[in-house]
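Raw work20.cif, mmCIF, C-alpha atoms:
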```cif
data_query
#
loop_
_atom_site.group_PDB
_atom_site.id
_atom_site.type_symbol
_atom_site.label_atom_id
_atom_site.label_comp_id
_atom_site.auth_asym_id
_atom_site.auth_seq_id
_atom_site.Cartn_x
_atom_site.Cartn_y
_atom_site.Cartn_z
ATOM 1 C CA MET Q 1 0.000 0.000 0.000
ATOM 2 C CA GLY Q 2 1.386 3.323 -0.979
ATOM 3 C CA ARG Q 3 0.325 6.679 -2.228
ATOM 4 C CA ALA Q 4 -1.089 7.604 -5.591
ATOM 5 C CA HIS Q 5 -1.565 10.979 -7.211
ATOM 6 C CA ARG Q 6 -4.757 12.085 -8.891
ATOM 7 C CA PHE Q 7 -5.996 15.474 -9.945
ATOM 8 C CA HIS Q 8 -8.938 17.529 -8.754
ATOM 9 C CA GLU Q 9 -9.624 20.662 -10.803
ATOM 10 C CA GLY Q 10 -6.081 20.479 -12.166
ATOM 11 C CA VAL Q 11 -4.456 20.271 -8.735
ATOM 12 C CA PRO Q 12 -2.599 17.076 -7.768
ATOM 13 C CA VAL Q 13 -4.147 15.279 -4.803
ATOM 14 C CA THR Q 14 -2.344 12.484 -2.974
ATOM 15 C CA SER Q 15 -4.463 9.496 -2.033
ATOM 16 C CA LEU Q 16 -3.703 6.323 -0.131
ATOM 17 C CA GLU Q 17 -3.744 3.080 -2.048
ATOM 18 C CA HIS Q 18 -5.710 1.055 0.487
ATOM 19 C CA PRO Q 19 -7.557 -2.140 -0.495
ATOM 20 C CA TYR Q 20 -10.647 -1.274 1.568
ATOM 21 C CA PHE Q 21 -10.695 2.522 1.730
ATOM 22 C CA VAL Q 22 -9.952 3.117 -1.948
ATOM 23 C CA GLY Q 23 -8.934 6.651 -2.908
ATOM 24 C CA VAL Q 24 -8.889 8.230 0.557
ATOM 25 C CA ASP Q 25 -6.903 11.473 0.581
ATOM 26 C CA ALA Q 26 -3.509 11.161 2.236
ATOM 27 C CA GLU Q 27 -3.227 14.889 2.921
ATOM 28 C CA PRO Q 28 -4.591 16.512 6.083
ATOM 29 C CA SER Q 29 -7.926 18.225 5.560
ATOM 30 C CA ASP Q 30 -8.834 21.744 6.578
ATOM 31 C CA ARG Q 31 -12.429 20.819 7.477
ATOM 32 C CA VAL Q 32 -14.670 18.052 8.771
ATOM 33 C CA GLU Q 33 -16.309 16.089 5.976
ATOM 34 C CA VAL Q 34 -17.051 12.561 4.794
ATOM 35 C CA VAL Q 35 -14.164 11.385 2.604
ATOM 36 C CA TRP Q 36 -15.328 7.795 2.033
ATOM 37 C CA GLU Q 37 -18.699 6.102 2.407
ATOM 38 C CA ARG Q 38 -20.041 2.618 1.881
ATOM 39 C CA TYR Q 39 -23.086 0.619 2.894
ATOM 40 C CA LEU Q 40 -22.519 -2.700 4.663
ATOM 41 C CA GLU Q 41 -25.110 -5.316 5.505
ATOM 42 C CA LEU Q 42 -25.785 -6.076 9.139
ATOM 43 C CA ASN Q 43 -28.694 -8.261 10.249
ATOM 44 C CA GLY Q 44 -30.277 -7.944 6.803
ATOM 45 C CA GLU Q 45 -30.200 -4.137 6.848
ATOM 46 C CA ASN Q 46 -27.951 -1.663 5.044
ATOM 47 C CA LEU Q 47 -25.747 0.276 7.416
ATOM 48 C CA ALA Q 48 -24.016 3.497 6.324
ATOM 49 C CA VAL Q 49 -20.310 3.585 7.153
ATOM 50 C CA ALA Q 50 -18.521 6.926 6.791
ATOM 51 C CA LEU Q 51 -14.853 7.826 7.135
ATOM 52 C CA TRP Q 52 -14.548 11.435 8.248
ATOM 53 C CA SER Q 53 -11.734 13.904 7.760
ATOM 54 C CA ARG Q 54 -10.725 16.189 10.598
ATOM 55 C CA PRO Q 55 -8.821 19.467 10.390
ATOM 56 C CA GLY Q 56 -5.086 18.879 10.327
ATOM 57 C CA VAL Q 57 -5.422 15.086 10.462
ATOM 58 C CA ALA Q 58 -4.509 12.723 7.633
ATOM 59 C CA ALA Q 59 -5.734 9.157 7.405
ATOM 60 C CA ASP Q 60 -2.915 6.667 7.830
ATOM 61 C CA THR Q 61 -2.589 3.065 6.696
ATOM 62 C CA PRO Q 62 -2.318 1.456 10.184
ATOM 63 C CA THR Q 63 -5.540 3.144 11.341
ATOM 64 C CA LEU Q 64 -7.346 2.248 8.111
ATOM 65 C CA ASP Q 65 -6.141 -1.356 8.497
ATOM 66 C CA ALA Q 66 -7.531 -1.426 12.048
ATOM 67 C CA PHE Q 67 -10.859 0.041 10.871
ATOM 68 C CA THR Q 68 -10.958 -2.652 8.160
ATOM 69 C CA ARG Q 69 -10.567 -5.425 10.757
ATOM 70 C CA LEU Q 70 -13.307 -3.812 12.853
ATOM 71 C CA LEU Q 71 -15.699 -3.674 9.887
ATOM 72 C CA ASP Q 72 -14.826 -7.233 8.842
ATOM 73 C CA ASP Q 73 -16.011 -8.370 12.296
ATOM 74 C CA LEU Q 74 -19.176 -6.257 12.317
ATOM 75 C CA GLY Q 75 -21.428 -9.048 13.641
ATOM 76 C CA THR Q 76 -19.280 -9.463 16.743
ATOM 77 C CA ILE Q 77 -19.018 -5.697 17.209
ATOM 78 C CA ASP Q 78 -22.831 -5.478 17.031
ATOM 79 C CA GLU Q 79 -23.155 -8.168 19.726
ATOM 80 C CA ARG Q 80 -20.621 -6.383 21.943
ATOM 81 C CA SER Q 81 -22.396 -3.059 21.341
ATOM 82 C CA ARG Q 82 -25.756 -4.491 22.328
ATOM 83 C CA GLU Q 83 -24.205 -5.913 25.492
ATOM 84 C CA ALA Q 84 -22.829 -2.443 26.282
ATOM 85 C CA LEU Q 85 -26.239 -0.877 25.558
ATOM 86 C CA ARG Q 86 -27.927 -3.398 27.902
ATOM 87 C CA ASP Q 87 -25.436 -2.583 30.647
ATOM 88 C CA ALA Q 88 -25.859 1.172 30.160
ATOM 89 C CA LEU Q 89 -29.672 1.014 30.073
ATOM 90 C CA THR Q 90 -29.747 -1.232 33.135
ATOM 91 C CA ALA Q 91 -27.641 1.324 35.023
ATOM 92 C CA ASP Q 92 -29.619 4.325 33.738
ATOM 93 C CA ALA Q 93 -32.930 3.704 31.980
ATOM 94 C CA ALA Q 94 -33.601 7.336 30.973
ATOM 95 C CA TYR Q 95 -33.309 6.642 27.204
ATOM 96 C CA LEU Q 96 -35.547 3.568 27.499
ATOM 97 C CA ASP Q 97 -38.077 5.384 29.696
ATOM 98 C CA HIS Q 98 -38.147 8.334 27.310
ATOM 99 C CA HIS Q 99 -39.026 6.099 24.351
ATOM 100 C CA VAL Q 100 -41.382 3.743 26.174
ATOM 101 C CA GLN Q 101 -43.273 6.196 28.377
ATOM 102 C CA GLY Q 102 -42.526 9.624 26.972
ATOM 103 C CA VAL Q 103 -43.362 9.074 23.308
ATOM 104 C CA ASP Q 104 -46.881 8.676 21.980
ATOM 105 C CA PRO Q 105 -47.401 6.597 19.984
ATOM 106 C CA ARG Q 106 -44.798 4.091 21.113
ATOM 107 C CA PRO Q 107 -42.076 3.374 18.514
ATOM 108 C CA ALA Q 108 -43.186 0.826 15.894
ATOM 109 C CA THR Q 109 -40.330 -1.506 16.815
ATOM 110 C CA LEU Q 110 -41.907 -2.059 20.261
ATOM 111 C CA ASP Q 111 -45.131 -3.888 21.156
ATOM 112 C CA PRO Q 112 -47.756 -1.129 21.534
ATOM 113 C CA ASP Q 113 -49.827 -3.241 23.960
ATOM 114 C CA ALA Q 114 -47.058 -4.327 26.322
ATOM 115 C CA ARG Q 115 -47.424 -2.821 29.787
ATOM 116 C CA GLU Q 116 -43.683 -2.895 30.364
ATOM 117 C CA ILE Q 117 -40.710 -3.260 28.052
ATOM 118 C CA ASP Q 118 -37.639 -4.824 29.617
ATOM 119 C CA VAL Q 119 -34.089 -3.804 28.728
ATOM 120 C CA ASP Q 120 -33.375 -6.968 26.700
ATOM 121 C CA THR Q 121 -36.481 -6.491 24.543
ATOM 122 C CA PHE Q 122 -35.706 -2.815 24.067
ATOM 123 C CA VAL Q 123 -32.068 -3.401 23.061
ATOM 124 C CA ALA Q 124 -33.072 -6.206 20.680
ATOM 125 C CA ALA Q 125 -35.451 -3.747 18.972
ATOM 126 C CA MET Q 126 -32.780 -1.053 18.555
ATOM 127 C CA GLU Q 127 -31.464 -0.660 15.013
ATOM 128 C CA PRO Q 128 -27.890 0.238 14.109
ATOM 129 C CA THR Q 129 -28.132 3.252 11.818
ATOM 130 C CA GLY Q 130 -24.551 4.172 11.032
ATOM 131 C CA ILE Q 131 -20.870 3.961 11.814
ATOM 132 C CA ASP Q 132 -18.602 6.996 11.832
ATOM 133 C CA LEU Q 133 -14.877 6.337 11.533
ATOM 134 C CA ARG Q 134 -12.648 9.172 12.692
ATOM 135 C CA PRO Q 135 -8.887 8.822 12.083
ATOM 136 C CA GLY Q 136 -6.202 10.660 13.995
ATOM 137 C CA PRO Q 137 -4.220 10.298 17.210
ATOM 138 C CA ASP Q 138 -7.476 9.771 19.130
ATOM 139 C CA ALA Q 139 -9.141 7.721 16.376
ATOM 140 C CA THR Q 140 -12.578 6.270 17.094
ATOM 141 C CA ALA Q 141 -15.313 4.208 15.517
ATOM 142 C CA VAL Q 142 -18.768 5.316 16.678
ATOM 143 C CA ILE Q 143 -21.757 3.035 16.108
ATOM 144 C CA GLU Q 144 -25.175 4.668 16.351
ATOM 145 C CA TYR Q 145 -28.309 2.792 17.468
ATOM 146 C CA MET Q 146 -31.884 4.076 17.416
ATOM 147 C CA ILE Q 147 -35.156 2.612 18.605
ATOM 148 C CA ASP Q 148 -37.193 4.376 15.914
ATOM 149 C CA PRO Q 149 -34.979 5.670 13.081
ATOM 150 C CA ASP Q 150 -37.938 6.709 10.922
ATOM 151 C CA GLU Q 151 -39.510 8.917 13.574
ATOM 152 C CA GLY Q 152 -36.858 9.989 16.053
ATOM 153 C CA ASP Q 153 -33.510 11.690 16.052
ATOM 154 C CA GLU Q 154 -32.170 10.560 19.422
ATOM 155 C CA ALA Q 155 -29.584 7.804 19.374
ATOM 156 C CA MET Q 156 -27.368 5.847 21.664
ATOM 157 C CA THR Q 157 -23.799 5.485 20.510
ATOM 158 C CA VAL Q 158 -21.121 2.965 21.349
ATOM 159 C CA THR Q 159 -17.567 4.178 20.769
ATOM 160 C CA TYR Q 160 -14.557 1.972 20.049
ATOM 161 C CA THR Q 161 -10.875 2.396 19.366
ATOM 162 C CA PRO Q 162 -9.809 1.190 15.908
ATOM 163 C CA ALA Q 163 -8.473 -1.949 17.646
ATOM 164 C CA GLY Q 164 -11.988 -2.723 18.921
ATOM 165 C CA ASP Q 165 -11.627 -1.676 22.555
ATOM 166 C CA ARG Q 166 -14.874 -0.159 23.807
ATOM 167 C CA LEU Q 167 -14.512 3.395 25.096
ATOM 168 C CA GLY Q 168 -18.064 4.216 26.128
ATOM 169 C CA VAL Q 169 -21.798 4.465 25.570
ATOM 170 C CA ALA Q 170 -23.650 7.771 25.237
ATOM 171 C CA TRP Q 171 -27.139 9.127 24.590
ATOM 172 C CA ASP Q 172 -26.920 11.609 21.717
ATOM 173 C CA ARG Q 173 -29.858 13.983 21.976
#
```
Just give me the structure as structure tokens.
Amino acid sequence: MGRAHRFHEGVPVTSLEHPYFVGVDAEPSDRVEVVWERYLELNGENLAVALWSRPGVAADTPTLDAFTRLLDDLGTIDERSREALRDALTADAAYLDHHVQGVDPRPATLDPDAREIDVDTFVAAMEPTGIDLRPGPDATAVIEYMIDPDEGDEAMTVTYTPAGDRLGVAWDR
């Protein structure tokens, strides 16, 4: 894997020759933007995966290789993420309570007639909606889960290092 040169509006642009992240710019960006995007299948659904640029940060081959291994093991990462979501929602059920009791009508992914929804049922109904890959010295992979992607905009995220070590779970409002 090396570097290749291409031209954009007559200006040479250096890109990494990476087998998975084809054509990613090797030069640091001056803004935050998606520089590579692909849809992967997970549990029969298409999941958007985006590699983001960050000001002053260039993508590097070791980080892209680590992201590739993470994406190649997406089923296991999903299982680990759901375990982390269960643990987080057991410790603090505010996100669950908000969507079960605070939303009318109840999200379509949940039984509208159930008197109570337990954490396991709730987490099983959550849908992964995207993965953001952010290279750099503090590189992360952030997987977003929603209970009702068609109706809501609040998500829970599980953040990993490129090597697959879980960093945390958060409610993104």
Check which residues satisfy the PyMOL selection byres ((chain Q and resi 154) around 7) in the file shown, then give them as a CSV table (one decimal) with C-alpha atoms, keeping the file's coordinate frame.
```
chain,number,residue,atom,x,y,z
Q,146,MET,CA,-31.9,4.1,17.4
Q,152,GLY,CA,-36.9,10.0,16.1
Q,153,ASP,CA,-33.5,11.7,16.1
Q,155,ALA,CA,-29.6,7.8,19.4
Q,172,ASP,CA,-26.9,11.6,21.7
Q,173,ARG,CA,-29.9,14.0,22.0
```
- Of Q:Asp118, Q:Leu167, Q:Glu17, Q:Phe67, the one sitting nearest Val100 (chain Q) when using only C-alpha atoms is Q:Asp118
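For the choices Q:Leu42, Q:Ala94, Q:Asp25, Q:Tyr20, the atom-to-atom distance to Gly130 (chain Q) is smallest for Q:Leu42 when using only C-alpha atoms.
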Taking all atoms of region 78-92 of chain Q that the file lists, what box with edges along x, y and z, padded by 4 Å per side, do you get, with centre and edge lengths in Å to one decimal, as JSON?
```
{"center_x": -25.2, "center_y": -1.9, "center_z": 26.0, "size_x": 17.1, "size_y": 20.5, "size_z": 26.0}
```
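Take CA of Ala66 (chain Q) and CA of Asp87 (chain Q): the distance between them is 25.8 Å.
If all atoms listed in the file are the atoms counted, then among Q:Val158, Q:Ile77, Q:Met126, Q:Ala139 the closest residue to Pro62 (chain Q) is Q:Ala139.
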- Which of Q:Val123, Q:Leu96, Q:Ala163, Q:Leu89 sits closest to Asp73 (chain Q) [using all atoms listed in the file]: Q:Ala163
- Using the chain letters and numbers from the file, which residues does the PyMOL selection byres ((chain Q and resi 147) around 12) grab, as a PyMOL selection string? chain Q and resi 85+95-100+103+106-110+121-129+144-146+148-157+171
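Note that CA of Pro137 (chain Q) and CA of Gly75 (chain Q) are 26.1 Å apart.
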- Expected answer as a ChimeraX atom specification: all residues with atoms within 8 Å of (-21.9, 8.2, 8.1), only C-alpha atoms: /Q:34,37,48-51,130-132
- Query: Any idea what's packed within 12 Å of Thr76 (chain Q), counting all atoms listed in the file, ignoring anything in its chain fewer than 5 positions away? Could you give it as a list in words?
  - Reply: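 With the cut-off at 12 Å, the set is Leu42, Asn43, Arg69, Leu70, Leu71, Ser81, Arg82, Glu83 and Gly164 of chain Q.
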- Note on the structure: From the list Q:Thr161, Q:Gln101, Q:Thr63, Q:Ser53, the nearest residue to Pro28 (chain Q) using only C-alpha atoms is Q:Ser53
- Task: Find the residues near Ser29 (chain Q): any atom within 9 Å, counting all atoms listed in the file, skip ones fewer than 4 places away on the same chain, and give them as a VMD selection string.
- Result: chain Q and resid 25 33 53 to 58
- Message: I'd like to know which of Q:Asp165, Q:Trp52, Q:Val119, Q:Thr159 is closest to Ala91 (chain Q), using all atoms listed in the file.
- Response: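 Among the listed residues, Q:Val119 lies closest to Ala91 (chain Q).
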- Query: Could you state the separation of CA of Asp138 (chain Q) and CA of Asp72 (chain Q) in Å, given to one decimal place?
  - Reply: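 These two atoms are separated by 21.2 Å.
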